[in-house]
$ cat model33.pdb   # PDB, C-alpha atoms and all ligand atoms
ATOM      1  CA  MET A   1     -33.093 -11.235  14.144
ATOM      2  CA  ARG A   2     -31.633 -11.606  10.674
ATOM      3  CA  ASN A   3     -28.621 -13.843  10.449
ATOM      4  CA  LEU A   4     -26.052 -11.527   8.883
ATOM      5  CA  ALA A   5     -23.425 -14.254   9.047
ATOM      6  CA  GLU A   6     -25.003 -15.746   5.946
ATOM      7  CA  LYS A   7     -23.960 -12.694   3.983
ATOM      8  CA  TRP A   8     -20.280 -13.396   4.460
ATOM      9  CA  ALA A   9     -18.074 -15.967   2.839
ATOM     10  CA  VAL A  10     -16.869 -18.623   5.278
ATOM     11  CA  VAL A  11     -13.286 -18.043   6.394
ATOM     12  CA  PRO A  12     -11.147 -20.847   4.956
ATOM     13  CA  ASP A  13      -9.163 -23.096   7.274
ATOM     14  CA  TRP A  14      -5.826 -21.421   6.623
ATOM     15  CA  GLN A  15      -3.873 -24.472   7.768
ATOM     16  CA  THR A  16      -5.164 -26.530   4.849
ATOM     17  CA  ALA A  17      -6.479 -23.972   2.360
ATOM     18  CA  ALA A  18      -4.848 -24.326  -1.055
ATOM     19  CA  ILE A  19      -5.490 -23.112  -4.551
ATOM     20  CA  GLU A  20      -4.037 -25.365  -7.195
ATOM     21  CA  VAL A  21      -4.385 -25.130 -10.937
ATOM     22  CA  PRO A  22      -1.795 -26.056 -13.571
ATOM     23  CA  GLY A  23       1.132 -23.648 -13.189
ATOM     24  CA  LEU A  24      -0.146 -21.910 -10.049
ATOM     25  CA  ALA A  25      -0.244 -22.915  -6.393
ATOM     26  CA  ILE A  26      -1.271 -20.585  -3.575
ATOM     27  CA  ARG A  27      -1.317 -21.264   0.130
ATOM     28  CA  SER A  28      -1.473 -19.357   3.369
ATOM     29  CA  LEU A  29       1.681 -18.866   5.412
ATOM     30  CA  ALA A  30       1.346 -19.545   9.119
ATOM     31  CA  GLY A  31       3.528 -18.505  11.996
ATOM     32  CA  LEU A  32       5.342 -15.519  10.538
ATOM     33  CA  SER A  33       6.298 -12.802  13.005
ATOM     34  CA  GLN A  34       5.472  -9.420  11.483
ATOM     35  CA  TYR A  35       6.396  -5.969  12.727
ATOM     36  CA  LEU A  36       5.798  -2.493  11.424
ATOM     37  CA  VAL A  37       8.820  -0.334  12.087
ATOM     38  CA  SER A  38       8.117   3.380  11.686
ATOM     39  CA  GLY A  39      10.144   6.540  12.013
ATOM     40  CA  ASP A  40      13.897   6.853  11.714
ATOM     41  CA  LEU A  41      14.800   3.686   9.818
ATOM     42  CA  ASP A  42      18.528   4.448   9.981
ATOM     43  CA  ALA A  43      18.240   4.385  13.769
ATOM     44  CA  TRP A  44      16.341   1.093  13.533
ATOM     45  CA  SER A  45      19.131  -0.262  11.370
ATOM     46  CA  LYS A  46      21.762   0.734  13.935
ATOM     47  CA  VAL A  47      19.866  -0.860  16.808
ATOM     48  CA  SER A  48      18.790  -4.039  14.987
ATOM     49  CA  GLY A  49      21.742  -4.577  12.701
ATOM     50  CA  ALA A  50      19.251  -5.040   9.831
ATOM     51  CA  PRO A  51      19.295  -2.976   6.621
ATOM     52  CA  ALA A  52      17.603   0.449   6.770
ATOM     53  CA  LYS A  53      15.702  -0.289   3.575
ATOM     54  CA  GLY A  54      13.263  -3.044   2.727
ATOM     55  CA  VAL A  55      12.536  -4.535  -0.652
ATOM     56  CA  GLY A  56      10.092  -2.650  -2.865
ATOM     57  CA  ALA A  57       7.196  -3.851  -5.009
ATOM     58  CA  PHE A  58       8.060  -7.280  -6.475
ATOM     59  CA  GLY A  59      11.533  -6.869  -4.984
ATOM     60  CA  LYS A  60      13.431  -9.980  -4.019
ATOM     61  CA  ALA A  61      13.580 -10.841  -0.324
ATOM     62  CA  GLU A  62      15.670 -13.747   0.898
ATOM     63  CA  GLY A  63      16.027 -15.818   4.018
ATOM     64  CA  GLU A  64      14.150 -16.169   7.269
ATOM     65  CA  ARG A  65      14.297 -12.524   8.262
ATOM     66  CA  TYR A  66      13.885  -9.577   5.916
ATOM     67  CA  ALA A  67      11.926  -6.362   5.445
ATOM     68  CA  ALA A  68       9.588  -4.925   2.826
ATOM     69  CA  GLN A  69       9.365  -1.164   2.461
ATOM     70  CA  VAL A  70       5.840   0.122   3.073
ATOM     71  CA  ALA A  71       6.347   3.883   3.045
ATOM     72  CA  ARG A  72       9.137   6.435   3.103
ATOM     73  CA  ASP A  73       9.468   6.024   6.860
ATOM     74  CA  ARG A  74       7.946   2.618   7.481
ATOM     75  CA  MET A  75       8.707  -1.003   6.737
ATOM     76  CA  LEU A  76       7.251  -4.402   7.426
ATOM     77  CA  VAL A  77       9.815  -6.627   9.103
ATOM     78  CA  VAL A  78       9.069 -10.327   8.599
ATOM     79  CA  SER A  79      10.735 -13.104  10.525
ATOM     80  CA  ALA A  80      10.267 -16.854  10.819
ATOM     81  CA  ALA A  81      11.073 -16.586  14.535
ATOM     82  CA  PRO A  82       9.942 -13.837  16.913
ATOM     83  CA  LEU A  83      12.407 -10.953  17.199
ATOM     84  CA  GLY A  84      13.573  -9.967  20.643
ATOM     85  CA  ILE A  85      12.544  -6.361  20.141
ATOM     86  CA  GLU A  86      10.285  -4.394  22.479
ATOM     87  CA  PRO A  87       7.097  -3.122  20.874
ATOM     88  CA  GLY A  88       6.390   0.573  21.331
ATOM     89  CA  TRP A  89       8.439   3.722  20.957
ATOM     90  CA  HIS A  90      12.223   3.508  21.040
ATOM     91  CA  GLU A  91      14.125   6.601  22.092
ATOM     92  CA  GLU A  92      16.500   6.233  19.164
ATOM     93  CA  GLY A  93      13.643   7.529  17.018
ATOM     94  CA  PHE A  94      11.493   4.676  15.789
ATOM     95  CA  GLY A  95       8.402   2.754  16.824
ATOM     96  CA  VAL A  96       7.758  -0.985  16.610
ATOM     97  CA  THR A  97       4.244  -2.387  16.208
ATOM     98  CA  VAL A  98       3.605  -6.118  16.284
ATOM     99  CA  VAL A  99       1.209  -6.962  13.436
ATOM    100  CA  SER A 100       1.626 -10.750  13.289
ATOM    101  CA  ALA A 101      -2.090 -11.208  13.960
ATOM    102  CA  GLY A 102      -3.095  -8.245  11.827
ATOM    103  CA  LEU A 103      -1.797  -9.344   8.468
ATOM    104  CA  GLN A 104      -2.482 -12.597   6.656
ATOM    105  CA  ALA A 105       0.352 -13.758   4.398
ATOM    106  CA  PHE A 106      -0.073 -15.777   1.207
ATOM    107  CA  GLU A 107       2.495 -17.402  -1.029
ATOM    108  CA  ALA A 108       2.041 -18.069  -4.743
ATOM    109  CA  GLU A 109       4.332 -20.082  -6.988
ATOM    110  CA  GLY A 110       4.456 -21.534 -10.453
ATOM    111  CA  SER A 111       4.804 -20.438 -14.033
ATOM    112  CA  GLU A 112       1.396 -18.702 -14.029
ATOM    113  CA  THR A 113       2.283 -16.403 -11.105
ATOM    114  CA  ALA A 114       2.945 -13.603 -13.590
ATOM    115  CA  GLU A 115      -0.588 -14.101 -14.884
ATOM    116  CA  LEU A 116      -1.943 -13.733 -11.341
ATOM    117  CA  ILE A 117       0.031 -10.486 -10.933
ATOM    118  CA  ALA A 118      -1.259  -9.190 -14.256
ATOM    119  CA  ARG A 119      -4.845  -9.729 -13.136
ATOM    120  CA  ALA A 120      -4.328  -8.270  -9.655
ATOM    121  CA  THR A 121      -2.492  -5.043 -10.408
ATOM    122  CA  THR A 122      -1.617  -2.679 -13.235
ATOM    123  CA  LEU A 123       1.886  -2.270 -11.840
ATOM    124  CA  ASP A 124       4.712  -3.550 -14.049
ATOM    125  CA  PRO A 125       6.420  -6.271 -11.956
ATOM    126  CA  SER A 126       9.735  -5.688 -13.720
ATOM    127  CA  ALA A 127       9.743  -1.898 -13.279
ATOM    128  CA  GLY A 128      10.422  -1.762  -9.555
ATOM    129  CA  SER A 129       8.923   0.656  -7.041
ATOM    130  CA  ALA A 130      10.395   1.887  -3.769
ATOM    131  CA  SER A 131       7.525   0.629  -1.659
ATOM    132  CA  ALA A 132       6.040  -2.860  -1.692
ATOM    133  CA  ALA A 133       2.620  -1.462  -0.697
ATOM    134  CA  LEU A 134       0.300  -1.621  -3.663
ATOM    135  CA  SER A 135      -3.282  -2.312  -4.648
ATOM    136  CA  PHE A 136      -3.582  -6.057  -5.237
ATOM    137  CA  ALA A 137      -7.015  -7.117  -6.466
ATOM    138  CA  GLY A 138      -8.223  -3.796  -5.083
ATOM    139  CA  ALA A 139      -6.916  -4.427  -1.570
ATOM    140  CA  ASN A 140      -3.965  -2.585  -0.077
ATOM    141  CA  ALA A 141      -1.299  -5.263   0.210
ATOM    142  CA  VAL A 142       2.449  -5.690   0.646
ATOM    143  CA  VAL A 143       3.749  -7.672  -2.327
ATOM    144  CA  TYR A 144       7.288  -8.925  -3.049
ATOM    145  CA  ARG A 145       9.163 -12.018  -4.127
ATOM    146  CA  HIS A 146      10.652 -14.447  -1.647
ATOM    147  CA  GLY A 147      13.076 -16.710  -3.459
ATOM    148  CA  ASP A 148      11.151 -17.652  -6.606
ATOM    149  CA  LYS A 149       7.751 -17.318  -4.932
ATOM    150  CA  LEU A 150       5.421 -14.362  -4.559
ATOM    151  CA  ARG A 151       4.397 -13.239  -1.083
ATOM    152  CA  ILE A 152       1.323 -11.132  -0.387
ATOM    153  CA  HIS A 153       0.449  -9.656   3.002
ATOM    154  CA  VAL A 154      -3.032  -8.234   3.432
ATOM    155  CA  ASP A 155      -5.161  -6.993   6.339
ATOM    156  CA  ARG A 156      -6.617 -10.074   7.988
ATOM    157  CA  GLY A 157     -10.126  -8.703   7.540
ATOM    158  CA  LEU A 158      -9.621  -8.717   3.768
ATOM    159  CA  ALA A 159      -7.953 -12.146   3.630
ATOM    160  CA  THR A 160     -11.135 -14.112   2.863
ATOM    161  CA  TYR A 161     -12.080 -11.652   0.138
ATOM    162  CA  LEU A 162      -8.611 -11.867  -1.411
ATOM    163  CA  TRP A 163      -8.694 -15.657  -1.187
ATOM    164  CA  THR A 164     -12.020 -15.912  -3.041
ATOM    165  CA  TRP A 165     -10.699 -13.419  -5.602
ATOM    166  CA  MET A 166      -7.577 -15.563  -6.119
ATOM    167  CA  GLU A 167      -9.700 -18.718  -6.428
ATOM    168  CA  THR A 168     -11.691 -17.071  -9.210
ATOM    169  CA  ALA A 169      -8.544 -15.688 -10.865
ATOM    170  CA  ALA A 170      -6.864 -19.117 -10.722
ATOM    171  CA  ARG A 171      -9.912 -20.744 -12.334
ATOM    172  CA  ASN A 172      -9.874 -18.127 -15.082
ATOM    173  CA  ILE A 173      -6.133 -18.525 -15.616
ATOM    174  CA  ALA A 174      -6.569 -22.289 -15.955
ATOM    175  CA  ALA A 175      -9.468 -21.838 -18.380
ATOM    176  CA  ALA A 176      -7.485 -19.334 -20.475
ATOM    177  CA  ALA A 177      -4.481 -21.702 -20.605
ATOM    178  CA  LYS A 178      -6.727 -24.475 -21.930
ATOM    179  CA  GLY A 179      -7.850 -22.130 -24.663
TER     180      GLY A 179
ATOM    181  CA  MET B   1      -6.187   4.526 -16.864
ATOM    182  CA  GLN B   2      -3.711   7.228 -15.969
ATOM    183  CA  LEU B   3      -0.424   6.958 -14.117
ATOM    184  CA  PHE B   4       0.355   9.399 -11.326
ATOM    185  CA  THR B   5       3.824   9.599  -9.823
ATOM    186  CA  CYS B   6       4.220   9.218  -6.084
ATOM    187  CA  PRO B   7       7.416  11.062  -5.044
ATOM    188  CA  PHE B   8       8.417   7.971  -3.091
ATOM    189  CA  CYS B   9       7.031   4.986  -5.032
ATOM    190  CA  GLY B  10       7.182   6.300  -8.586
ATOM    191  CA  PRO B  11       4.480   5.765 -11.236
ATOM    192  CA  ARG B  12       1.329   4.070  -9.966
ATOM    193  CA  ASP B  13      -2.237   3.599 -11.159
ATOM    194  CA  GLU B  14      -4.431   6.647 -10.545
ATOM    195  CA  THR B  15      -6.809   4.497  -8.459
ATOM    196  CA  GLU B  16      -4.128   4.279  -5.753
ATOM    197  CA  PHE B  17      -4.366   8.041  -5.170
ATOM    198  CA  HIS B  18      -6.802  10.335  -3.413
ATOM    199  CA  PHE B  19      -7.342  14.037  -3.937
ATOM    200  CA  GLY B  20      -6.497  16.192  -0.931
ATOM    201  CA  GLY B  21      -7.528  19.680  -2.024
ATOM    202  CA  GLU B  22      -6.002  22.721  -3.657
ATOM    203  CA  ALA B  23      -2.411  23.398  -2.637
ATOM    204  CA  GLY B  24      -1.877  26.615  -0.704
ATOM    205  CA  ASN B  25      -5.292  26.614   0.987
ATOM    206  CA  LEU B  26      -3.863  26.842   4.487
ATOM    207  CA  ARG B  27      -6.062  26.642   7.571
ATOM    208  CA  PRO B  28      -6.424  30.057   9.240
ATOM    209  CA  ASP B  29      -4.992  30.288  12.723
ATOM    210  CA  GLY B  30      -5.958  32.444  15.697
ATOM    211  CA  ALA B  31      -9.071  33.805  17.420
ATOM    212  CA  ASP B  32      -9.409  36.950  15.317
ATOM    213  CA  VAL B  33      -9.857  35.223  11.953
ATOM    214  CA  THR B  34     -12.726  36.911  10.089
ATOM    215  CA  ALA B  35     -15.804  35.067   8.863
ATOM    216  CA  ASP B  36     -14.797  35.920   5.300
ATOM    217  CA  ARG B  37     -11.410  34.301   5.788
ATOM    218  CA  TRP B  38     -13.019  31.155   7.214
ATOM    219  CA  ALA B  39     -15.532  31.066   4.364
ATOM    220  CA  SER B  40     -12.696  31.386   1.889
ATOM    221  CA  TYR B  41     -10.786  28.543   3.523
ATOM    222  CA  LEU B  42     -13.795  26.258   3.763
ATOM    223  CA  TYR B  43     -15.815  26.960   0.645
ATOM    224  CA  MET B  44     -14.033  29.052  -1.970
ATOM    225  CA  ARG B  45     -12.040  27.169  -4.608
ATOM    226  CA  ASP B  46     -10.132  28.578  -7.542
ATOM    227  CA  ASN B  47     -10.996  25.659  -9.815
ATOM    228  CA  PRO B  48      -8.619  26.895 -12.517
ATOM    229  CA  LYS B  49      -8.773  25.923 -16.150
ATOM    230  CA  GLY B  50      -5.294  24.758 -17.123
ATOM    231  CA  ALA B  51      -2.312  24.556 -14.784
ATOM    232  CA  THR B  52      -3.138  23.755 -11.170
ATOM    233  CA  ARG B  53      -1.331  22.802  -7.947
ATOM    234  CA  GLU B  54      -3.021  20.213  -5.781
ATOM    235  CA  ILE B  55      -2.407  18.081  -2.706
ATOM    236  CA  TRP B  56      -2.738  14.356  -3.347
ATOM    237  CA  VAL B  57      -2.055  11.321  -1.213
ATOM    238  CA  HIS B  58      -0.759   7.953  -2.369
ATOM    239  CA  MET B  59      -3.000   5.799  -0.199
ATOM    240  CA  ASN B  60      -0.844   2.664  -0.277
ATOM    241  CA  CYS B  61       2.260   4.288   1.176
ATOM    242  CA  GLY B  62       0.572   7.297   2.822
ATOM    243  CA  GLU B  63       2.729   9.904   1.104
ATOM    244  CA  PHE B  64       1.132  13.366   0.832
ATOM    245  CA  PHE B  65       2.540  15.487  -1.977
ATOM    246  CA  VAL B  66       1.985  18.411  -4.308
ATOM    247  CA  MET B  67       1.018  17.517  -7.852
ATOM    248  CA  GLU B  68       1.125  20.073 -10.610
ATOM    249  CA  ARG B  69      -1.134  19.108 -13.467
ATOM    250  CA  ASP B  70      -3.274  20.538 -16.216
ATOM    251  CA  THR B  71      -7.044  20.362 -15.724
ATOM    252  CA  VAL B  72      -7.671  20.581 -19.472
ATOM    253  CA  ASN B  73      -5.383  17.926 -20.948
ATOM    254  CA  HIS B  74      -4.762  16.000 -17.654
ATOM    255  CA  LYS B  75      -1.006  16.124 -18.203
ATOM    256  CA  VAL B  76       0.944  15.771 -14.945
ATOM    257  CA  GLU B  77       3.917  18.142 -14.745
ATOM    258  CA  THR B  78       5.496  17.331 -11.388
ATOM    259  CA  SER B  79       5.022  15.496  -8.118
ATOM    260  CA  ILE B  80       6.876  17.011  -5.169
ATOM    261  CA  ALA B  81       7.134  15.571  -1.660
ATOM    262  CA  LEU B  82       5.504  17.900   0.869
ATOM    263  CA  ASP B  83       8.654  18.461   2.901
ATOM    264  CA  SER B  84      10.446  19.869  -0.134
ATOM    265  CA  ALA B  85       7.450  21.633  -1.706
ATOM    266  CA  GLU B  86       7.223  25.354  -1.172
ATOM    267  CA  HIS B  87       4.096  26.651   0.550
ATOM    268  CA  ALA B  88       2.052  23.477   0.313
TER     269      ALA B  88
HETATM  270 ZN    ZN C 201       3.760   6.065  -2.617
END
$ encode --input "model33.pdb" --output "structure tokens"
Amino acid sequence: MRNLAEKWAVVPDWQTAAIEVPGLAIRSLAGLSQYLVSGDLDAWSKVSGAPAKGVGAFGKAEGERYAAQVARDRMLVVSAAPLGIEPGWHEEGFGVTVVSAGLQAFEAEGSETAELIARATTLDPSAGSASAALSFAGANAVVYRHGDKLRIHVDRGLATYLWTWMETAARNIAAAAKG
Amino acid sequence: MQLFTCPFCGPRDETEFHFGGEAGNLRPDGADVTADRWASYLYMRDNPKGATREIWVHMNCGEFFVMERDTVNHKVETSIALDSAEHA
């Protein structure tokens, strides 16, 4: 039988994987608890005490627990520690889906981060957009700022692709900077 | 590249959107729908030259909406969320 495994790029060891060129450092974030909250977000806000709106594209999230808007009626809640919230439907009018294992999160920092954004998307990072869901290097991703860093969440199945794309982009950014 | 406007997200690259068919082409309902009516629903398109109303979806956020645009000069007139659009 043909060994189809050879056709695929090897999944990086996310614990140690790093992309580093002058002005740009990217690494994988481990251990984030991630939840999709869908439905009546005002009801979610009442129950959880968290804001009913998440940050949009390139919006600025802060702290250990925050949310990024994904759609009109859905947001990705991200937390450093697991939230004590039951997955499934809540009678108040919203559903909670645990996606911690479903999405891989990356963090980029440095002066060339804007260059990475420019190569990954046509969206103007200063223009703002209600949802943080956007096409990043062709993959549907959730993209926002956390402090002065850029965070990117992508379907785990696309993580290796996005990583190899970012490796290539980082090399090109470094080469362009050298002139 | 062209920008389309998602009623929720605002202007985005056209590649983030997918065409969903002509607006107003509603699925017939009931057992006594004629073959002609089914054929019209399934196969007959107006394909107008000029102003048109279409259903599009912004794939990143999942928003379905009505877009009014011109098939000749590609100018987009409006994007309206489906829940506020009349007779989608
Ligand atoms: Zn949208």
$ residues_around --input "model33.pdb" --residues "segment 70-76 of chain A" --least-positions-apart "4" --cutoff "7 Å" --atoms "all atoms listed in the file" --output "VMD selection string"
(chain A and resid 34 to 41 54 131 to 133) or (chain B and resid 8 61 to 62)
$ write_last_selection --input "model33.pdb" --atoms "C-alpha atoms" --output "PDB file, in the frame of the given file"
ATOM      1  CA  GLN A  34       5.472  -9.420  11.483  1.00  0.00           C
ATOM      2  CA  TYR A  35       6.396  -5.969  12.727  1.00  0.00           C
ATOM      3  CA  LEU A  36       5.798  -2.493  11.424  1.00  0.00           C
ATOM      4  CA  VAL A  37       8.820  -0.334  12.087  1.00  0.00           C
ATOM      5  CA  SER A  38       8.117   3.380  11.686  1.00  0.00           C
ATOM      6  CA  GLY A  39      10.144   6.540  12.013  1.00  0.00           C
ATOM      7  CA  ASP A  40      13.897   6.853  11.714  1.00  0.00           C
ATOM      8  CA  LEU A  41      14.800   3.686   9.818  1.00  0.00           C
ATOM      9  CA  GLY A  54      13.263  -3.044   2.727  1.00  0.00           C
ATOM     10  CA  SER A 131       7.525   0.629  -1.659  1.00  0.00           C
ATOM     11  CA  ALA A 132       6.040  -2.860  -1.692  1.00  0.00           C
ATOM     12  CA  ALA A 133       2.620  -1.462  -0.697  1.00  0.00           C
TER      13      ALA A 133
ATOM     14  CA  PHE B   8       8.417   7.971  -3.091  1.00  0.00           C
ATOM     15  CA  CYS B  61       2.260   4.288   1.176  1.00  0.00           C
ATOM     16  CA  GLY B  62       0.572   7.297   2.822  1.00  0.00           C
TER      17      GLY B  62
END
$ resolve_selection --input "model33.pdb" --expression "the PyMOL selection byres (((chain B and resi 46-50) around 12) and not hetatm)" --output "PyMOL selection string"
chain B and resi 21-25+40-41+43-45+51-54+68-77
$ atom_distance --input "model33.pdb" --atom1 "atom CA of Val99 of chain A" --atom2 "atom CA of Gly10 of chain B"
26.4 Å
$ closest_atom_pairs --input "model33.pdb" --of "chain B" --to "ligand ZN 201 (chain C)" --cutoff "10 Å" --atoms "only C-alpha atoms and all ligand atoms" --output "tab-separated table"
residue	atom	partner	partner_atom	distance
B:Phe4	CA	C:ZN201	ZN	9.9
B:Thr5	CA	C:ZN201	ZN	8.0
B:Cys6	CA	C:ZN201	ZN	4.7
B:Pro7	CA	C:ZN201	ZN	6.7
B:Phe8	CA	C:ZN201	ZN	5.1
B:Cys9	CA	C:ZN201	ZN	4.2
B:Gly10	CA	C:ZN201	ZN	6.9
B:Pro11	CA	C:ZN201	ZN	8.7
B:Arg12	CA	C:ZN201	ZN	8.0
B:Glu16	CA	C:ZN201	ZN	8.7
B:Phe17	CA	C:ZN201	ZN	8.7
B:Val57	CA	C:ZN201	ZN	8.0
B:His58	CA	C:ZN201	ZN	4.9
B:Met59	CA	C:ZN201	ZN	7.2
B:Asn60	CA	C:ZN201	ZN	6.2
B:Cys61	CA	C:ZN201	ZN	4.4
B:Gly62	CA	C:ZN201	ZN	6.4
B:Glu63	CA	C:ZN201	ZN	5.4
B:Phe64	CA	C:ZN201	ZN	8.5
B:Phe65	CA	C:ZN201	ZN	9.5
$ closest_residue --input "model33.pdb" --among "A:Ile117, A:Ile85, A:Ala127, A:Ile26" --to "Glu167 of chain A" --atoms "all atoms listed in the file"
A:Ile26
$ closest_residue --input "model33.pdb" --among "B:Trp56, B:Leu42, B:Ala35, B:Asp13" --to "Gly138 of chain A" --atoms "all atoms listed in the file"
B:Asp13
$ closest_residue --input "model33.pdb" --among "A:Gly179, A:Gly157, A:Gly56, A:Gly88" --to "chain B" --atoms "only C-alpha atoms"
A:Gly56
$ atom_distance --input "model33.pdb" --atom1 "atom CA of Ala108 of chain A" --atom2 "atom CA of Val77 of chain A"
19.6 Å
$ residues_around --input "model33.pdb" --residues "Gly128 of chain A" --least-positions-apart "6" --cutoff "7 Å" --atoms "only C-alpha atoms" --output "ChimeraX atom specification"
/A:56-59
$ residues_around --input "model33.pdb" --residues "Asn140 of chain A" --least-positions-apart "4" --cutoff "8 Å" --atoms "all atoms listed in the file" --output "PyMOL selection string"
(chain A and resi 133-136+154-155) or (chain B and resi 60)
